[in-house]
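Student: Handing you a structure now.
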Number of protein chains: 4
Amino acid sequence: MLILLSLDSPREDIDAIKGKIIHNKCQPHEIPGETNLAIGITGPTHKLIEDEFRFMNSVVEVVRVSKKYKLVSRQMKKSDTIIKTKYGNIGGKELTIIAGPCSVESRDQIFRIAEDLSNLGVKFLRGGAYKPRSSPYAFRGLKEEGLRLLDDVKREFGLGIVTEVLSPETIPLVEEVADIIQIGARNMQNFILLDEVGKTSTPILLKRGLSATVEDLLLSAEYILAQGNFDVILCERGIRTFETSTRNTLDLNAVPVIKKHSHLPIMVDPSHGIGIRDKVAPMALAGIAAGADGVIIEVHHDPDSALSDGAQTITPDQMSIILNKLKAMAPIVERELN
Amino acid sequence: MLILLSLDSPREDIDAIKGKIIHNKCQPHEIPGETNLAIGITGPTHKLIEDEFRFMNSVVEVVRVSKKYKLVSRQMKKSDTIIKTKYGNIGGKELTIIAGPCSVESRDQIFRIAEDLSNLGVKFLRGGAYKPRSSPYAFRGLKEEGLRLLDDVKREFGLGIVTEVLSPETIPLVEEVADIIQIGARNMQNFILLDEVGKTSTPILLKRGLSATVEDLLLSAEYILAQGNFDVILCERGIRTFETSTRNTLDLNAVPVIKKHSHLPIMVDPSHGIGIRDKVAPMALAGIAAGADGVIIEVHHDPDSALSDGAQTITPDQMSIILNKLKAMAPIVERELN
Amino acid sequence: MLILLSLDSPREDIDAIKGKIIHNKCQPHEIPGETNLAIGITGPTHKLIEDEFRFMNSVVEVVRVSKKYKLVSRQMKKSDTIIKTKYGNIGGKELTIIAGPCSVESRDQIFRIAEDLSNLGVKFLRGGAYKPRSSPYAFRGLKEEGLRLLDDVKREFGLGIVTEVLSPETIPLVEEVADIIQIGARNMQNFILLDEVGKTSTPILLKRGLSATVEDLLLSAEYILAQGNFDVILCERGIRTFETSTRNTLDLNAVPVIKKHSHLPIMVDPSHGIGIRDKVAPMALAGIAAGADGVIIEVHHDPDSALSDGAQTITPDQMSIILNKLKAMAPIVERELN
Amino acid sequence: MLILLSLDSPREDIDAIKGKIIHNKCQPHEIPGETNLAIGITGPTHKLIEDEFRFMNSVVEVVRVSKKYKLVSRQMKKSDTIIKTKYGNIGGKELTIIAGPCSVESRDQIFRIAEDLSNLGVKFLRGGAYKPRSSPYAFRGLKEEGLRLLDDVKREFGLGIVTEVLSPETIPLVEEVADIIQIGARNMQNFILLDEVGKTSTPILLKRGLSATVEDLLLSAEYILAQGNFDVILCERGIRTFETSTRNTLDLNAVPVIKKHSHLPIMVDPSHGIGIRDKVAPMALAGIAAGADGVIIEVHHDPDSALSDGAQTITPDQMSIILNKLKAMAPIVERELN
């Protein structure tokens with residue numbers, strides 16, 4: 001980090017800044033220049049907060065040269081992280097497809113969808129047992145019963161299970177069933193929860209919050225890695241903008257940007273990202289074209305009767321068409337999909 | 001709620017929609033019109049999700065006539081909610097001032113600030129024992145030790161304590177000390193936490209999330225009221241926009257909008273809202289001018305050495321000037337501040 | 001349009017609303033319902049402004065059933081508009097590629113780039129003679145001299161010319177050279193200029209403004225069609241959001257949304273949309289995957305010495321790689337690129 | 001400006017950067033540091049574009065120490081600019097009130113409103129003769145006839161006239177009548193128009209664009225000052241955010257931020273900023289509390305029949321109440337209103 005001061009800064013201002021740097025266990029280095037006095041900082045600078053310095057007396061500008069995150073960064077690990085699971089690798093040459101209903105609603109529903117997806121060659125089944133909902137009056141999931149159904153369907157069809165956890169207390173229950181634990185967008189900055197999933201050894205699918213910057217997302221991933229769990233899959237699922245013609249604005253720019261700054265795999269969720277059923281297919285293709293490692297798609301055998309998110313959910317037949325297009329496109333972006 | 005269909009909608013589409021309405025325990029009523037067939041809906045329509053209908057076949061438009069929230073709405077309760085505490089009422093004619101440091105850092109620090117604020121006539125002291133931080137490497141609070149210091153300072157100076165809770169497990173501990181429990185912006189949609197604080201009988205200060213609409217904020221408050229705790233204070237603290245010259249964009253428009261739709265008190269946090277120390281005073285005044293019931297301001301005896309949020313924190317002397325201006329302004333907006 | 005009133009609305013409020021509807025040359029129709037009185041409106045309702053009614057006494061909600069735009073809408077014209085030019089069709093099966101430098105800088109520069117692009121099979125050359133710049137101190141284009149160079153390069157290489165117009169006075173000059181006239185993002189709501197290019201018979205490339213909704217963009221296109229020029233190509237080039245890791249957020253969701261609502265061709269500009277050189281290729285692919293009719297890409301033989309927009313400009317060699325990928329991808333999205 | 005390079009940058013990269021600096025008539029200065037090589041730049045650095053350097057090889061970061069604008073900055077002129085007009089000063093101790101209808105609709109309308117406002121002591125009358133409208137089918141103003149009516153009303157009541165100009169051709173006509181020429185939000189980056197009003201000697205009211213940053217607004221003002229017209233009044237009127245409960249988000253943070261960076265007066269337009277009639281009063285008060293030099297308010301004797309913007313327009317009686325509150329508040333913020 002570099003702090004620029006005006007050339008005529010009084011000594012007491014300079015000393016206050018240097019004192020604060022030392023207080024944070026870093027070392028300050030004065031570098032006099034032509035128009036400014038610069039203070040270069042070495043040491044564990046990722047722990048420093050720019051804003052803590054920005055408004056101190058005499059400060060003209062604070063420049064972060066290194067990033068605030070460390071473990072998730074490309075500088076730390078140059079090669080792409082590949083997460084190995086029984087159901088396939090995530091983050092390598094092979095594209096990952098996760099599909100399934102928004103919520104587990106009943107044995108009949110989840111078995112029927114799982115069978116269809118299994119026949120299509122999909123290897124990971126998503127389905128929420130615990131559902132965060134913006135209204136307290138909406139369906140909030142079958143909870144433990146939902147987990148049990150996911151466990152049954154897993155045994156029956158040999159699919160990897162991706163399901164969301166909402167609170168630290170339920171992690172042990174979820175972990176028994178889940179092959180990948182999902183942290184939803186609304187919990188991306190629930191740091192207590194991030195700490196706790198960081199202590200598990202199950203891969204984590206971390207969804208970007210509606211108003212989170214790429215840096216925020218990477219810092220939240222850093223929480224998980226800092227606790228020892230390095231198997232984090234990032235997921236772009238749409239940000240909040242002024243545009244009202246779609247539910248959210250799927251930010252595909254984030255895909256190449258994240259690939260540049262981090263070694264972690266990044267998937268795209270076009271179902272939540274755009275929120276309109278017949279736009280899911282083009283946005284899934286666009287996500288892979290942009291460089292994503294896979295897609296997460298909401299599929300239901302009868303979307304209009306789904307208890308949640310029906311508007312953005314597609315049928316297994318529509319999923320089949322998307323898979324065929326993705327297979328054709330994979331080699332163009334140096335990928336594989338079998 | 002009203003669903004508009006095209007005039008030539010096939011009977012099966014109409015029946016599917018009516019079936020879904022009945023499935024949700026509401027009643028559909030067909031109203032043929034000139035250009036559209038409308039289906040009016042009666043019953044507990046606040047439980048319906050517009051999006052679940054919007055993309056069904058033949059649907060042209062879905063119109064929500066009543067709001068998704070109920071208990072927090074002006075329709076439910078016409079008069080302003082006034083929350084009574086030992087340290088003064090919140091939401092009535094008297095303006096509420098909450099002040100104090102971002103974090104409790106040490107006995108010396110919190111006692112010194114509390115003494116200064118107490119001398120200024122401030123009745124509520126804020127101070128974080130548990131701190132959510134976007135980086136895992138930042139200071140995360142003194143935790144239980146911080147709560148103990150808050151308890152001590154409360155006994156010493158007779159100040160009401162406002163402090164944040166981050167997880168359900170710590171609610172009992174926090175509740176012992178806090179006169180008002182704060183739910184921070186990042187936890188505004190941590191629904192598990194909302195449910196749990198809804199079961200307490202302590203007033204809750206609910207901060208608006210960075211990307212939450214006014215409707216989202218009111219729905220989150222609805223979670224708390226739905227559990228039986230009606231003492232909720234809303235708090236505007238800045239939203240995320242494209243503007244980068246301030247940390248957030250304090251959305252003062254939200255104040256009169258919330259006053260129109262809800263009976264709950266609304267406070268403004270200009271410290272987080274703008275994030276720059278010398279802009280706190282004008283934005284505090286502006287918040288009260290816009291109709292807020294009070295302000296929350298970060299105050300520290302030595303802002304530059306504060307362990308968090310120093311950039312937006314003011315000194316007790318600066319706080320004193322703000323208080324004098326607020327006192328002068330109160331009668332103009334039909335308020336009092338003593 | 002449908003206006004919902006409360007059931008107990010006084011007659012004078014109802015009459016005021018009906019009077020305003022008639023004043024706007026539309027017809028009101030009272031439709032009593034169970035919970036609301038609805039007033040249906042027929043006639044030229046695209047001329048009505050919802051907000052003019054929304055806050056009148058007794059009004060609960062205003063619902064626009066038909067769109068504010070007309071000529072640009074799918075309802076008006078079901079089949080895709082195909083714009084025929086000497087250099088190929090835009091909007092049909094064939095993908096359109098427009099490439100070239102941000103600004104025309106010199107005879108040598110524009111000839112060199114044109115030759116490279118011509119060798120790659122590109123048929124449209126872009127290059128600004130008049131440049132809108134946010135700073136008055138930045139390079140604002142070679143103006144008439146730039147148009148002359150574009151004319152020369154067009155004769156030499158037989159490329160279609162795409163260049164921007166900034167003011168009504170220069171339309172005749174620009175029209176002499178341009179095969180497609182560009183209206184830049186900053187002028188998307190310069191309605192005087194829209195009127196005037198609407199009177200020409202040259203195809204118009206209309207770029208979406210940084211904060212324009214899809215509806216705003218379509219209404220601006222409506223201005224041009226309303227004057228008689230139906231050859232409008234829409235262009236997504238990035239919107240302004242809170243994300244700062246890219247210059248703008250290329251909103252690819254807009255592509256399928258526009259395809260649904262309008263018959264006009266839509267292109268994508270990944271250079272401006274993301275603003276970082278090595279992210280142009282994935283976003284160009286993603287744009288076509290999302291369903292766009294073509295891409296506009298900034299190409300310069302020596303990007304680092306370009307007088308404007310160098311950061312997002314690629315070399316002819318990088319362009320060649322993108323073209324090859326687009327050719328491979330075209331059939332997957334039922335397109336062609338020769 | 002300061003460019004940071006990695007320590008191991010090859011000599012050719014360094015030379016390319018230095019060459020580009022010199023090409024832009026500035027001087028580079030190498031400053032070796034511990035973790036980076038810095039290149040400091042002196043000379044007319046406000047003409048440099050950061051992005052042109054940011055993505056060159058070996059560049060780690062580009063830091064702008066001085067601002068891109070110059071003439072509008074506080075550094076250039078420390079004291080507040082006070083614009084003197086026959087109808088009062090703008091930018092000094094005295095608050096400025098501009099009021100009137102969105103559009104001039106008829107002789108009767110504008111005379112009636114002018115008389116009411118004149119009786120209230122308002123000194124500036126606003127009213128659009130040329131109206132930019134997002135739909136081509138909306139009322140676009142009485143044009144020259146509107147200017148004539150403004151001229152008549154000015155003679156009759158001695159009010160200063162504030163009216164908008166849309167294109168360079170009409171500047172001479174508008175200038176004959178207007179005491180302050182308005183540049184609307186949609187034309188904030190119509191640089192041709194900015195250049196031309198910069199050549200007049202009439203004060204300019206420059207409204208912030210819907211998605212313009214504070215820096216963009218100041219750069220647009222810089223265009224006008226660069227042409228010789230130093231009498232520019234800035235105006236905050238709402239930005240576009242994700243919040244849909246108000247038409248725009250009035251960004252009052254911008255007021256103290258602009259006051260810090262620029263010497264120009266800044267007014268607030270709460271009518272456009274919030275777009276809802278009964279929210280205009282609190283937001284007008286809040287604007288002055290935040291430090292604005294005045295407010296612009298839409299007033300109409302019969303808002304519901306107004307041809308444009310009726311929803312946000314108040315009556316003269318409501319205006320009278322606002323004026324009384326502003327008079328009471330003025331001394332608290334060290335202002336006057338007579």
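By order in the structure tokens, chains are A, B, ...; within a chain, residues start at 1; ligands start at 1, following the order shown.
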Residues of segment 68-233 of chain D classed as alpha helix (DSSP H) by DSSP on the backbone are to be reported as a PyMOL selection string.
Tutor: chain D and resi 107-119+144-157+171-177+191-198+214-226
Student: Give me the residues near segment 330-336 of chain B as a JSON list (two decimals) with all heavy atoms, in the first residue's frame, where near means some atom within 6 Å (using only C-alpha atoms) and where sequence neighbours in that chain fewer than 3 positions away do not count.
Tutor:
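Result saved to around_38.json:
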[["chain", "number", "residue", "atom", "x", "y", "z"],
["B", 93, "LYS", "N", -42.82, 12.60, 19.16],
["B", 93, "LYS", "CA", -42.45, 13.98, 18.85],
["B", 93, "LYS", "C", -40.96, 14.23, 19.13],
["B", 93, "LYS", "O", -40.31, 15.01, 18.44],
["B", 93, "LYS", "CB", -43.31, 14.91, 19.72],
["B", 93, "LYS", "CG", -43.55, 16.27, 19.10],
["B", 93, "LYS", "CD", -44.61, 17.04, 19.87],
["B", 93, "LYS", "CE", -44.51, 18.54, 19.63],
["B", 93, "LYS", "NZ", -44.55, 18.95, 18.24],
["B", 94, "GLU", "N", -40.45, 13.51, 20.13],
["B", 94, "GLU", "CA", -39.06, 13.72, 20.55],
["B", 94, "GLU", "C", -38.09, 13.01, 19.58],
["B", 94, "GLU", "O", -38.26, 11.84, 19.28],
["B", 94, "GLU", "CB", -38.90, 13.12, 21.96],
["B", 94, "GLU", "CG", -37.50, 13.02, 22.50],
["B", 94, "GLU", "CD", -37.02, 14.31, 23.19],
["B", 94, "GLU", "OE1", -37.86, 15.21, 23.40],
["B", 94, "GLU", "OE2", -35.83, 14.40, 23.50],
["B", 326, "LEU", "N", -29.45, 20.56, 15.51],
["B", 326, "LEU", "CA", -30.67, 19.74, 15.51],
["B", 326, "LEU", "C", -31.72, 20.33, 16.45],
["B", 326, "LEU", "O", -32.91, 20.34, 16.15],
["B", 326, "LEU", "CB", -30.35, 18.30, 15.91],
["B", 326, "LEU", "CG", -29.59, 17.47, 14.88],
["B", 326, "LEU", "CD1", -29.28, 16.08, 15.43],
["B", 326, "LEU", "CD2", -30.39, 17.33, 13.58],
["B", 327, "LYS", "N", -31.26, 20.84, 17.60],
["B", 327, "LYS", "CA", -32.20, 21.46, 18.54],
["B", 327, "LYS", "C", -32.89, 22.67, 17.91],
["B", 327, "LYS", "O", -34.08, 22.88, 18.08],
["B", 327, "LYS", "CB", -31.46, 21.90, 19.82],
["B", 327, "LYS", "CG", -31.31, 20.76, 20.82],
["B", 327, "LYS", "CD", -30.44, 21.15, 22.01],
["B", 327, "LYS", "CE", -29.97, 19.87, 22.72],
["B", 327, "LYS", "NZ", -28.84, 20.11, 23.62]]
Student: Mind checking DSSP for segment 233-285 of chain C and telling me the strand (DSSP E or B) residues as a ChimeraX atom specification?
Tutor: /C:233-236,239,249,262,266-268
Student: Let me see the file: selected residues, N, CA and C atoms, as a short mmCIF file (atom, residue, chain, number, x, y, z; two decimals), in the first residue's frame.
Tutor:
data_model
loop_
_atom_site.label_atom_id
_atom_site.label_comp_id
_atom_site.auth_asym_id
_atom_site.auth_seq_id
_atom_site.Cartn_x
_atom_site.Cartn_y
_atom_site.Cartn_z
N ILE C 233 -30.64 -0.04 -35.94
CA ILE C 233 -29.94 -1.16 -35.30
C ILE C 233 -29.69 -0.73 -33.86
N LEU C 234 -30.16 -1.51 -32.90
CA LEU C 234 -29.92 -1.20 -31.50
C LEU C 234 -28.55 -1.73 -31.09
N CYS C 235 -27.97 -1.15 -30.08
CA CYS C 235 -26.65 -1.64 -29.64
C CYS C 235 -26.49 -1.55 -28.12
N GLU C 236 -26.28 -2.71 -27.51
CA GLU C 236 -25.97 -2.78 -26.07
C GLU C 236 -24.49 -2.55 -25.89
N ILE C 239 -23.97 -0.82 -19.11
CA ILE C 239 -24.71 0.12 -18.28
C ILE C 239 -23.89 0.44 -17.03
N THR C 249 -20.98 -2.35 -17.05
CA THR C 249 -21.47 -3.72 -16.95
C THR C 249 -22.24 -4.03 -18.23
N SER C 262 -39.05 -6.37 -29.44
CA SER C 262 -38.88 -5.56 -30.66
C SER C 262 -38.42 -6.41 -31.83
N ILE C 266 -30.31 -6.22 -32.92
CA ILE C 266 -29.56 -5.75 -31.75
C ILE C 266 -28.13 -6.28 -31.82
N MET C 267 -27.18 -5.36 -31.72
CA MET C 267 -25.77 -5.74 -31.72
C MET C 267 -25.19 -5.50 -30.33
N VAL C 268 -24.00 -6.03 -30.10
CA VAL C 268 -23.34 -5.89 -28.81
C VAL C 268 -21.96 -5.29 -29.01
#
Student: Find the residues of chain C in contact range of chain A, meaning any atom within 9 Å when counting only C-alpha atoms, and list them as a PyMOL selection string.
Tutor: chain C and resi 211-215+239-246+248-254+256-257+273-274+278-279+281-291+325-326+328-329+332-333
Student: Interatomic distance between atom CA of Lys47 of chain A and atom CA of Gly184 of chain A?
Tutor: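 Value for the atom CA of Lys47 of chain A-atom CA of Gly184 of chain A distance: 26.2 Å.
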Student: Neighbouring residues of segment 1-13 of chain C were defined as those with any atom within 8 Å, considering only C-alpha atoms; residues of the same chain fewer than 5 positions away were excluded. Please report them as a list of chain:residue names.
Tutor: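 Once the adjacent positions are removed, what remains is C:Thr35, C:Asn36, C:Leu37, C:Ala38, C:Ile39, C:Gly40, C:Ile41, C:Thr42, C:Thr45, C:Phe53, C:Met56, C:Asn57, C:Ser58, C:Val59, C:Val60, C:Glu61, C:Val62, C:Val63, C:Arg64, C:Val65, C:Ser66.
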Student: Would you please work out which residue, of B:Ile224, B:Ile171, B:Val295, B:Ile314, is nearest to Ser135 of chain A when using only C-alpha atoms?
Tutor: B:Ile224
Student: Skipping near chain neighbours, those fewer than 5 positions away, what residues fall within 8 Å of Thr96 of chain A using only C-alpha atoms, listed as an mmCIF file with N, CA and C atoms, in the first residue's frame?
Tutor:
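So the final result, stored in out11.cif, reads:
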data_model
loop_
_atom_site.group_PDB
_atom_site.id
_atom_site.type_symbol
_atom_site.label_atom_id
_atom_site.label_comp_id
_atom_site.auth_asym_id
_atom_site.auth_seq_id
_atom_site.Cartn_x
_atom_site.Cartn_y
_atom_site.Cartn_z
ATOM 1 N N GLY A 88 -17.491 -35.942 -10.392
ATOM 2 C CA GLY A 88 -16.777 -35.195 -11.422
ATOM 3 C C GLY A 88 -15.996 -34.031 -10.831
ATOM 4 N N ASN A 89 -15.035 -33.541 -11.621
ATOM 5 C CA ASN A 89 -14.221 -32.410 -11.185
ATOM 6 C C ASN A 89 -14.903 -31.090 -11.530
ATOM 7 N N ILE A 90 -14.645 -30.107 -10.698
ATOM 8 C CA ILE A 90 -15.198 -28.774 -10.962
ATOM 9 C C ILE A 90 -14.031 -27.813 -11.105
ATOM 10 N N GLY A 91 -13.990 -27.110 -12.242
ATOM 11 C CA GLY A 91 -12.942 -26.120 -12.427
ATOM 12 C C GLY A 91 -11.868 -26.533 -13.430
ATOM 13 N N ASP A 293 -17.050 -22.013 -15.648
ATOM 14 C CA ASP A 293 -16.715 -23.432 -15.510
ATOM 15 C C ASP A 293 -17.952 -24.316 -15.479
ATOM 16 N N GLY A 294 -19.127 -23.720 -15.521
ATOM 17 C CA GLY A 294 -20.337 -24.516 -15.508
ATOM 18 C C GLY A 294 -21.551 -23.649 -15.261
ATOM 19 N N VAL A 295 -22.715 -24.284 -15.280
ATOM 20 C CA VAL A 295 -23.962 -23.551 -15.054
ATOM 21 C C VAL A 295 -24.838 -24.286 -14.044
ATOM 22 N N LEU A 337 -17.784 -31.440 -22.524
ATOM 23 C CA LEU A 337 -19.006 -31.779 -21.797
ATOM 24 C C LEU A 337 -19.478 -33.122 -22.319
#
